[in-house]
Amino acid sequence: RIEFASASVESTMALVNVTNVIVLDNPTVFTNPFQFEVEFECLGELEDDLEWKVTYVGSAEDLDADQVLEEVCVGPVPVGISKFVLQADAPDPARISQQDLVGVTVVLITCSYREKEFVRIGYYVNNEYYLQNPLTPMHPHTAIAPPAPGAAAAAADPNAPPAAPTDPQPVPVEQLQEMLTAGTQLDIGNVFRNIM
């Protein structure tokens, strides 16, 4: 998590401190909503609501690719500890280039009071492309029946470790680049995000 604080904020903003943010539903499919459980402390009365915003950075080279996913006002804010779930729709993949759809980017949570930002929390987001869903168990546990009486047992090395099932792996970067160069359109249902 990356945190920034603005230096040009009214002194009343020292009355609000973000004490914790928990990323929910992570990792998940790219198209699922972002969900953050936000906890903050208010040390004095506020006359207006707090304005929260979630922004997805769609490209490191193009600010126009940034997408505001959610803007919500929270208030009236009581003195003490408050907690809420900030949920934002997934970014529109049609507004993101195929090259920028996978790889590392950033999602930002900001909070403003009277249109002045005083909190900025950033998370790295790693989007990876899979040919198989990595969140679905691929190898259910099955019982192995003992051999039937009189059946010949296959010779096995009793010291060999059992074969571990392999979990789906993301498509390697080189292969992904070849796919994109060949004009392959990525199936957005195979892009999975992990917020770090």
# chains A, B, ... in the order shown; residues from 1 in each chain; ligands from 1
call {"tool": "residues_around", "arguments": {"residues": "A:Arg193", "least_positions_apart": "4", "cutoff": "7 Å", "atoms": "only C-alpha atoms", "output": "PyMOL selection string"}}
result
chain A and resi 27-30+125-128
call {"tool": "write_last_selection", "arguments": {"atoms": "all heavy atoms", "output": "mmCIF file, in the first residue's frame"}}
result
data_model
loop_
_atom_site.group_PDB
_atom_site.id
_atom_site.type_symbol
_atom_site.label_atom_id
_atom_site.label_comp_id
_atom_site.auth_asym_id
_atom_site.auth_seq_id
_atom_site.Cartn_x
_atom_site.Cartn_y
_atom_site.Cartn_z
ATOM 1 N N PRO A 27 -7.440 -12.346 -4.501
ATOM 2 C CA PRO A 27 -7.519 -11.967 -5.911
ATOM 3 C C PRO A 27 -8.891 -12.307 -6.486
ATOM 4 O O PRO A 27 -9.665 -13.064 -5.888
ATOM 5 C CB PRO A 27 -6.430 -12.809 -6.571
ATOM 6 C CG PRO A 27 -6.268 -13.995 -5.682
ATOM 7 C CD PRO A 27 -6.592 -13.522 -4.293
ATOM 8 N N THR A 28 -9.161 -11.752 -7.678
ATOM 9 C CA THR A 28 -10.459 -11.973 -8.304
ATOM 10 C C THR A 28 -10.371 -11.746 -9.807
ATOM 11 O O THR A 28 -9.348 -11.331 -10.324
ATOM 12 C CB THR A 28 -11.530 -11.062 -7.664
ATOM 13 O OG1 THR A 28 -12.818 -11.477 -8.104
ATOM 14 C CG2 THR A 28 -11.307 -9.605 -8.029
ATOM 15 N N VAL A 29 -11.481 -11.993 -10.468
ATOM 16 C CA VAL A 29 -11.584 -11.760 -11.908
ATOM 17 C C VAL A 29 -11.562 -10.256 -12.156
ATOM 18 O O VAL A 29 -12.118 -9.478 -11.373
ATOM 19 C CB VAL A 29 -12.896 -12.379 -12.448
ATOM 20 C CG1 VAL A 29 -13.043 -12.157 -13.941
ATOM 21 C CG2 VAL A 29 -12.976 -13.839 -12.119
ATOM 22 N N PHE A 30 -10.938 -9.840 -13.238
ATOM 23 C CA PHE A 30 -10.809 -8.425 -13.592
ATOM 24 C C PHE A 30 -12.155 -7.695 -13.574
ATOM 25 O O PHE A 30 -12.238 -6.542 -13.167
ATOM 26 C CB PHE A 30 -10.167 -8.305 -14.976
ATOM 27 C CG PHE A 30 -9.937 -6.894 -15.427
ATOM 28 C CD1 PHE A 30 -8.770 -6.226 -15.090
ATOM 29 C CD2 PHE A 30 -10.881 -6.222 -16.192
ATOM 30 C CE1 PHE A 30 -8.547 -4.918 -15.501
ATOM 31 C CE2 PHE A 30 -10.667 -4.924 -16.609
ATOM 32 C CZ PHE A 30 -9.492 -4.266 -16.264
ATOM 33 N N VAL A 125 -1.739 -3.053 -8.602
ATOM 34 C CA VAL A 125 -2.659 -4.061 -9.107
ATOM 35 C C VAL A 125 -1.920 -4.858 -10.175
ATOM 36 O O VAL A 125 -1.436 -4.286 -11.145
ATOM 37 C CB VAL A 125 -3.920 -3.411 -9.725
ATOM 38 C CG1 VAL A 125 -4.859 -4.480 -10.272
ATOM 39 C CG2 VAL A 125 -4.626 -2.524 -8.719
ATOM 40 N N ASN A 126 -1.826 -6.161 -9.977
ATOM 41 C CA ASN A 126 -1.181 -7.028 -10.963
ATOM 42 C C ASN A 126 -2.267 -7.798 -11.706
ATOM 43 O O ASN A 126 -2.958 -8.631 -11.123
ATOM 44 C CB ASN A 126 -0.203 -7.993 -10.294
ATOM 45 C CG ASN A 126 0.598 -8.778 -11.301
ATOM 46 O OD1 ASN A 126 0.812 -8.330 -12.425
ATOM 47 N ND2 ASN A 126 1.037 -9.950 -10.917
ATOM 48 N N ASN A 127 -2.439 -7.490 -12.992
ATOM 49 C CA ASN A 127 -3.406 -8.181 -13.842
ATOM 50 C C ASN A 127 -2.660 -9.211 -14.676
ATOM 51 O O ASN A 127 -1.712 -8.869 -15.380
ATOM 52 C CB ASN A 127 -4.119 -7.190 -14.765
ATOM 53 C CG ASN A 127 -4.950 -6.196 -13.993
ATOM 54 O OD1 ASN A 127 -5.702 -6.565 -13.103
ATOM 55 N ND2 ASN A 127 -4.826 -4.928 -14.325
ATOM 56 N N GLU A 128 -3.099 -10.471 -14.572
ATOM 57 C CA GLU A 128 -2.441 -11.547 -15.311
ATOM 58 C C GLU A 128 -3.470 -12.276 -16.163
ATOM 59 O O GLU A 128 -4.639 -12.385 -15.797
ATOM 60 C CB GLU A 128 -1.780 -12.535 -14.342
ATOM 61 C CG GLU A 128 -0.632 -11.924 -13.569
ATOM 62 C CD GLU A 128 0.027 -12.906 -12.629
ATOM 63 O OE1 GLU A 128 -0.686 -13.502 -11.795
ATOM 64 O OE2 GLU A 128 1.250 -13.080 -12.743
#
call {"tool": "residues_around", "arguments": {"residues": "A:Cys111", "least_positions_apart": "6", "cutoff": "7 Å", "atoms": "only C-alpha atoms", "output": "PyMOL selection string"}}
result
chain A and resi 50-53+117-120
call {"tool": "closest_residue", "arguments": {"among": "A:Leu186, A:Val171, A:Leu69, A:Val38", "to": "A:Gln99", "atoms": "only C-alpha atoms"}}
result
A:Leu186
call {"tool": "atom_distance", "arguments": {"atom1": "atom CA of A:Pro172", "atom2": "atom CA of A:Ala65"}}
result
24.9 Å
call {"tool": "atom_distance", "arguments": {"atom1": "atom CA of A:Asp89", "atom2": "atom CA of A:Val104"}}
result
18.8 Å
call {"tool": "closest_residue", "arguments": {"among": "A:Leu86, A:Met179, A:Ile81, A:Val72", "to": "A:Phe34", "atoms": "only C-alpha atoms"}}
result
A:Leu86
call {"tool": "closest_residue", "arguments": {"among": "A:Glu174, A:Thr105, A:Ile121, A:Thr19", "to": "A:Ile195", "atoms": "only C-alpha atoms"}}
result
A:Thr105
call {"tool": "atom_distance", "arguments": {"atom1": "atom CA of A:Gly183", "atom2": "atom CA of A:Ser59"}}
result
19.6 Å
call {"tool": "closest_residue", "arguments": {"among": "A:Lys116, A:Val77, A:Ala60, A:Val85", "to": "A:Val23", "atoms": "only C-alpha atoms"}}
result
A:Val85
